[in-house]
Amino acid sequence: MALYTDNTPGRTVLLEGRSCLFFSGFAYLGLHQHPAFKTLQTTGMAKYGALFPSSRAANLRLSIYEEMEHALSVLLQQQAAALFSSGYLASQAAVQYAHSCGQLLYAPDAHPSLWFLQPTLPPISREEWILQTITQINTHPDHHFVIVTDTVNPLSSTIHPFHWLQELQRKVLVVADDSHGIGILGPEGQGSSHFLPSSPYVRYLLTSSLAKAYSLQGGVVAGHAADIAAVKRLPIFTASTPMAPANAYTWLHSGALISKMRYSLQQNIAYLLHLSANTPVHNPHGLPAFLLPSTPHLAAQLASKDIIISHFPYPFPHSQPLNRAVISALHLQEDILVLHQQLQNNL
């Protein structure tokens, strides 16, 4: 059952005059409701306006886009980057380019943003798929295949393993969506690029939404300079409206605040991990999303106690709804304790 509000949620959300604790959505660092972040957005809007009214390929260009692309390529430990107005558009650009580089090998749970012409995903476990993929790639010529995968599955609260890429003996491109890793994972918030293995046979094309952690409408594709140059020649880049320049300004000036909020998020995750030890709550990799048992009516029971969790079918209308509690940097320890106590009462 859908719930409606007239306010953007932070640590709480207003529903029918009731202030409810909000443990859903994303915006993991809680920047969208932080006063300093809002001030930066206002400053960026005053300087640049609501949008840049031209193509990124036009003869007049806005330098702040290239500034942010350089900063993101450094953060993600890649040679170059391309900015888009959304994470979905960035993933589509990455996979459109990848389609020209070889046969696409999709991971079983690849996010729809990575789909090219709605592929049939492998109906097998990820472990089986990995073994099949290693064999398939190693028995064909170089550059014959492209691996397409997410790095993190927020629905199961897992970080996918990638050590197996070191077993590949043919050159391959790996398109990896790190929307739920960037800004969260790694000592500097560099996301999954921190643990993706290096190999002479593997080159990466990383794609991410900037909304999940950074609360900004935008997306990025990062990788080898030649790959990014080719992505920037695609119509999906040249013919699409650029990311709002105020968002680029905000991100470029938010480094210290992002670090502070990432620390707060880590502390909040650690607190709920401590409270929920030896309970049915599942979070093996310390991600912001805590997977809850599929107890019937759990979401409704918690809502009656003014606690909103994530409970809806995704990514399809016919998907099985999952119960998840999503922690953000905005939550107070007392909020998390209330959530834990109510879960104990209802599980």
# chains A, B, ... in the order shown; residues from 1 in each chain; ligands from 1
$ residues_around --residues "range 98-106 of chain A" --least-positions-apart "6" --cutoff "7 Å" --atoms "only C-alpha atoms" --output "list in words"
Leu121, His143, His144, Phe145, Val146, Ile147, Val148 and Thr149 of chain A
$ residues_around --residues "range 87-89 of chain A" --least-positions-apart "5" --cutoff "9 Å" --atoms "only C-alpha atoms" --output "list in words"
Ala94, Pro112, Ser113, Leu114, Ser179, Thr207, Ser208, Ser209, Leu210, Ala211, Gln217, Gly218, Gly219, Val220, Val221, Ile236 and Phe237 of chain A
$ closest_residue --among "A:Asn278, A:Gln132, A:Ser91, A:Ser85" --to "Trp115 in chain A" --atoms "only C-alpha atoms"
A:Ser91
$ atom_distance --atom1 "CA of Leu21 in chain A" --atom2 "CA of Val338 in chain A"
9.1 Å
$ atom_distance --atom1 "CA of Thr295 in chain A" --atom2 "CA of Leu29 in chain A"
28.4 Å
$ select_by_dssp --residues "range 65-260 of chain A" --states "strand (DSSP E)" --output "PyMOL selection string"
chain A and resi 80-84+103-106+145-150+152-153+158-159+172-177+202-209+219-223
$ write_last_selection --atoms "N, CA and C atoms" --output "mmCIF file, in the first residue's frame"
data_model
loop_
_atom_site.group_PDB
_atom_site.id
_atom_site.type_symbol
_atom_site.label_atom_id
_atom_site.label_comp_id
_atom_site.auth_asym_id
_atom_site.auth_seq_id
_atom_site.Cartn_x
_atom_site.Cartn_y
_atom_site.Cartn_z
ATOM 1 N N ALA A 80 39.555 8.618 -16.754
ATOM 2 C CA ALA A 80 38.663 9.688 -17.207
ATOM 3 C C ALA A 80 37.243 9.371 -16.781
ATOM 4 N N ALA A 81 36.366 10.367 -16.902
ATOM 5 C CA ALA A 81 34.964 10.193 -16.503
ATOM 6 C C ALA A 81 34.065 11.047 -17.379
ATOM 7 N N ALA A 82 32.795 10.659 -17.465
ATOM 8 C CA ALA A 82 31.773 11.408 -18.196
ATOM 9 C C ALA A 82 30.570 11.588 -17.286
ATOM 10 N N LEU A 83 30.076 12.825 -17.181
ATOM 11 C CA LEU A 83 28.920 13.138 -16.347
ATOM 12 C C LEU A 83 27.623 13.041 -17.149
ATOM 13 N N PHE A 84 26.576 12.572 -16.473
ATOM 14 C CA PHE A 84 25.240 12.506 -17.067
ATOM 15 C C PHE A 84 24.241 13.091 -16.080
ATOM 16 N N GLN A 103 30.308 -9.369 -26.908
ATOM 17 C CA GLN A 103 29.049 -9.978 -26.479
ATOM 18 C C GLN A 103 28.848 -9.727 -24.985
ATOM 19 N N LEU A 104 27.659 -9.262 -24.628
ATOM 20 C CA LEU A 104 27.375 -8.925 -23.237
ATOM 21 C C LEU A 104 27.050 -10.175 -22.433
ATOM 22 N N LEU A 105 27.776 -10.372 -21.337
ATOM 23 C CA LEU A 105 27.518 -11.467 -20.405
ATOM 24 C C LEU A 105 26.952 -10.872 -19.122
ATOM 25 N N TYR A 106 25.641 -11.029 -18.936
ATOM 26 C CA TYR A 106 24.974 -10.411 -17.799
ATOM 27 C C TYR A 106 25.052 -11.284 -16.555
ATOM 28 N N PHE A 145 34.077 -10.835 -25.156
ATOM 29 C CA PHE A 145 32.974 -10.698 -24.206
ATOM 30 C C PHE A 145 33.091 -9.431 -23.359
ATOM 31 N N VAL A 146 31.939 -8.992 -22.870
ATOM 32 C CA VAL A 146 31.848 -7.896 -21.897
ATOM 33 C C VAL A 146 31.023 -8.398 -20.719
ATOM 34 N N ILE A 147 31.571 -8.313 -19.519
ATOM 35 C CA ILE A 147 30.834 -8.685 -18.305
ATOM 36 C C ILE A 147 30.034 -7.473 -17.835
ATOM 37 N N VAL A 148 28.759 -7.686 -17.530
ATOM 38 C CA VAL A 148 27.877 -6.607 -17.078
ATOM 39 C C VAL A 148 27.296 -7.005 -15.718
ATOM 40 N N THR A 149 27.567 -6.191 -14.716
ATOM 41 C CA THR A 149 27.186 -6.577 -13.359
ATOM 42 C C THR A 149 27.038 -5.358 -12.454
ATOM 43 N N ASP A 150 26.335 -5.536 -11.359
ATOM 44 C CA ASP A 150 26.366 -4.580 -10.264
ATOM 45 C C ASP A 150 27.470 -4.993 -9.299
ATOM 46 N N VAL A 152 27.163 -4.044 -5.916
ATOM 47 C CA VAL A 152 26.445 -4.184 -4.646
ATOM 48 C C VAL A 152 24.983 -4.478 -4.955
ATOM 49 N N ASN A 153 24.401 -5.407 -4.209
ATOM 50 C CA ASN A 153 22.968 -5.659 -4.323
ATOM 51 C C ASN A 153 22.293 -5.133 -3.057
ATOM 52 N N THR A 158 24.290 -7.227 0.017
ATOM 53 C CA THR A 158 25.531 -7.953 -0.209
ATOM 54 C C THR A 158 26.444 -7.198 -1.180
ATOM 55 N N ILE A 159 27.739 -7.359 -0.961
ATOM 56 C CA ILE A 159 28.761 -6.885 -1.895
ATOM 57 C C ILE A 159 29.209 -8.097 -2.695
ATOM 58 N N VAL A 172 39.103 -8.618 -21.391
ATOM 59 C CA VAL A 172 37.667 -8.453 -21.276
ATOM 60 C C VAL A 172 37.362 -7.087 -20.658
ATOM 61 N N LEU A 173 36.238 -6.502 -21.052
ATOM 62 C CA LEU A 173 35.745 -5.271 -20.447
ATOM 63 C C LEU A 173 34.714 -5.647 -19.395
ATOM 64 N N VAL A 174 34.795 -5.032 -18.218
ATOM 65 C CA VAL A 174 33.829 -5.260 -17.147
ATOM 66 C C VAL A 174 33.062 -3.963 -16.905
ATOM 67 N N VAL A 175 31.764 -3.971 -17.215
ATOM 68 C CA VAL A 175 30.891 -2.837 -16.904
ATOM 69 C C VAL A 175 30.282 -3.101 -15.537
ATOM 70 N N ALA A 176 30.595 -2.248 -14.573
ATOM 71 C CA ALA A 176 30.168 -2.472 -13.193
ATOM 72 C C ALA A 176 29.412 -1.250 -12.674
ATOM 73 N N ASP A 177 28.162 -1.452 -12.275
ATOM 74 C CA ASP A 177 27.359 -0.375 -11.691
ATOM 75 C C ASP A 177 27.618 -0.337 -10.191
ATOM 76 N N VAL A 202 41.884 -7.393 -17.595
ATOM 77 C CA VAL A 202 40.601 -6.761 -17.273
ATOM 78 C C VAL A 202 40.722 -5.244 -17.304
ATOM 79 N N ARG A 203 39.795 -4.588 -17.982
ATOM 80 C CA ARG A 203 39.657 -3.143 -17.852
ATOM 81 C C ARG A 203 38.208 -2.852 -17.454
ATOM 82 N N TYR A 204 38.042 -1.799 -16.678
ATOM 83 C CA TYR A 204 36.730 -1.520 -16.085
ATOM 84 C C TYR A 204 36.079 -0.307 -16.719
ATOM 85 N N LEU A 205 34.764 -0.354 -16.770
ATOM 86 C CA LEU A 205 33.946 0.799 -17.089
ATOM 87 C C LEU A 205 32.934 0.894 -15.948
ATOM 88 N N LEU A 206 33.185 1.822 -15.020
ATOM 89 C CA LEU A 206 32.363 1.953 -13.823
ATOM 90 C C LEU A 206 31.258 2.975 -14.065
ATOM 91 N N THR A 207 30.079 2.658 -13.604
ATOM 92 C CA THR A 207 28.961 3.582 -13.725
ATOM 93 C C THR A 207 28.246 3.696 -12.386
ATOM 94 N N SER A 208 27.805 4.909 -12.074
ATOM 95 C CA SER A 208 27.178 5.130 -10.763
ATOM 96 C C SER A 208 26.156 6.254 -10.823
ATOM 97 N N SER A 209 25.124 6.094 -10.024
ATOM 98 C CA SER A 209 24.241 7.208 -9.710
ATOM 99 C C SER A 209 24.911 8.055 -8.642
ATOM 100 N N GLY A 219 24.772 11.279 -12.783
ATOM 101 C CA GLY A 219 25.405 9.983 -12.912
ATOM 102 C C GLY A 219 26.771 10.139 -13.540
ATOM 103 N N VAL A 220 27.587 9.101 -13.411
ATOM 104 C CA VAL A 220 28.952 9.158 -13.939
ATOM 105 C C VAL A 220 29.320 7.814 -14.548
ATOM 106 N N VAL A 221 30.090 7.867 -15.619
ATOM 107 C CA VAL A 221 30.760 6.697 -16.190
ATOM 108 C C VAL A 221 32.251 6.997 -16.144
ATOM 109 N N ALA A 222 33.030 6.077 -15.607
ATOM 110 C CA ALA A 222 34.475 6.287 -15.477
ATOM 111 C C ALA A 222 35.217 5.053 -15.969
ATOM 112 N N GLY A 223 36.386 5.275 -16.573
ATOM 113 C CA GLY A 223 37.172 4.154 -17.079
ATOM 114 C C GLY A 223 38.390 4.636 -17.826
#
$ residues_around --residues "Ala239 in chain A" --least-positions-apart "6" --cutoff "9 Å" --atoms "only C-alpha atoms" --output "JSON, numbers by chain"
{"A": [55, 56, 57]}
$ write_last_selection --atoms "N, CA, C and O atoms" --output "compact mmCIF listing (two decimals), in the first residue's frame"
# COMPACT_ATOMS: atom_id res chain seq x y z
N SER A 55 24.13 21.56 -25.25
CA SER A 55 24.71 20.22 -25.26
C SER A 55 26.14 20.26 -24.75
O SER A 55 26.85 21.27 -24.87
N ARG A 56 26.60 19.14 -24.18
CA ARG A 56 28.00 19.03 -23.79
C ARG A 56 28.92 19.04 -25.01
O ARG A 56 30.13 19.26 -24.87
N ALA A 57 28.36 18.80 -26.19
CA ALA A 57 29.18 18.78 -27.40
C ALA A 57 29.17 20.12 -28.14
O ALA A 57 29.79 20.25 -29.19
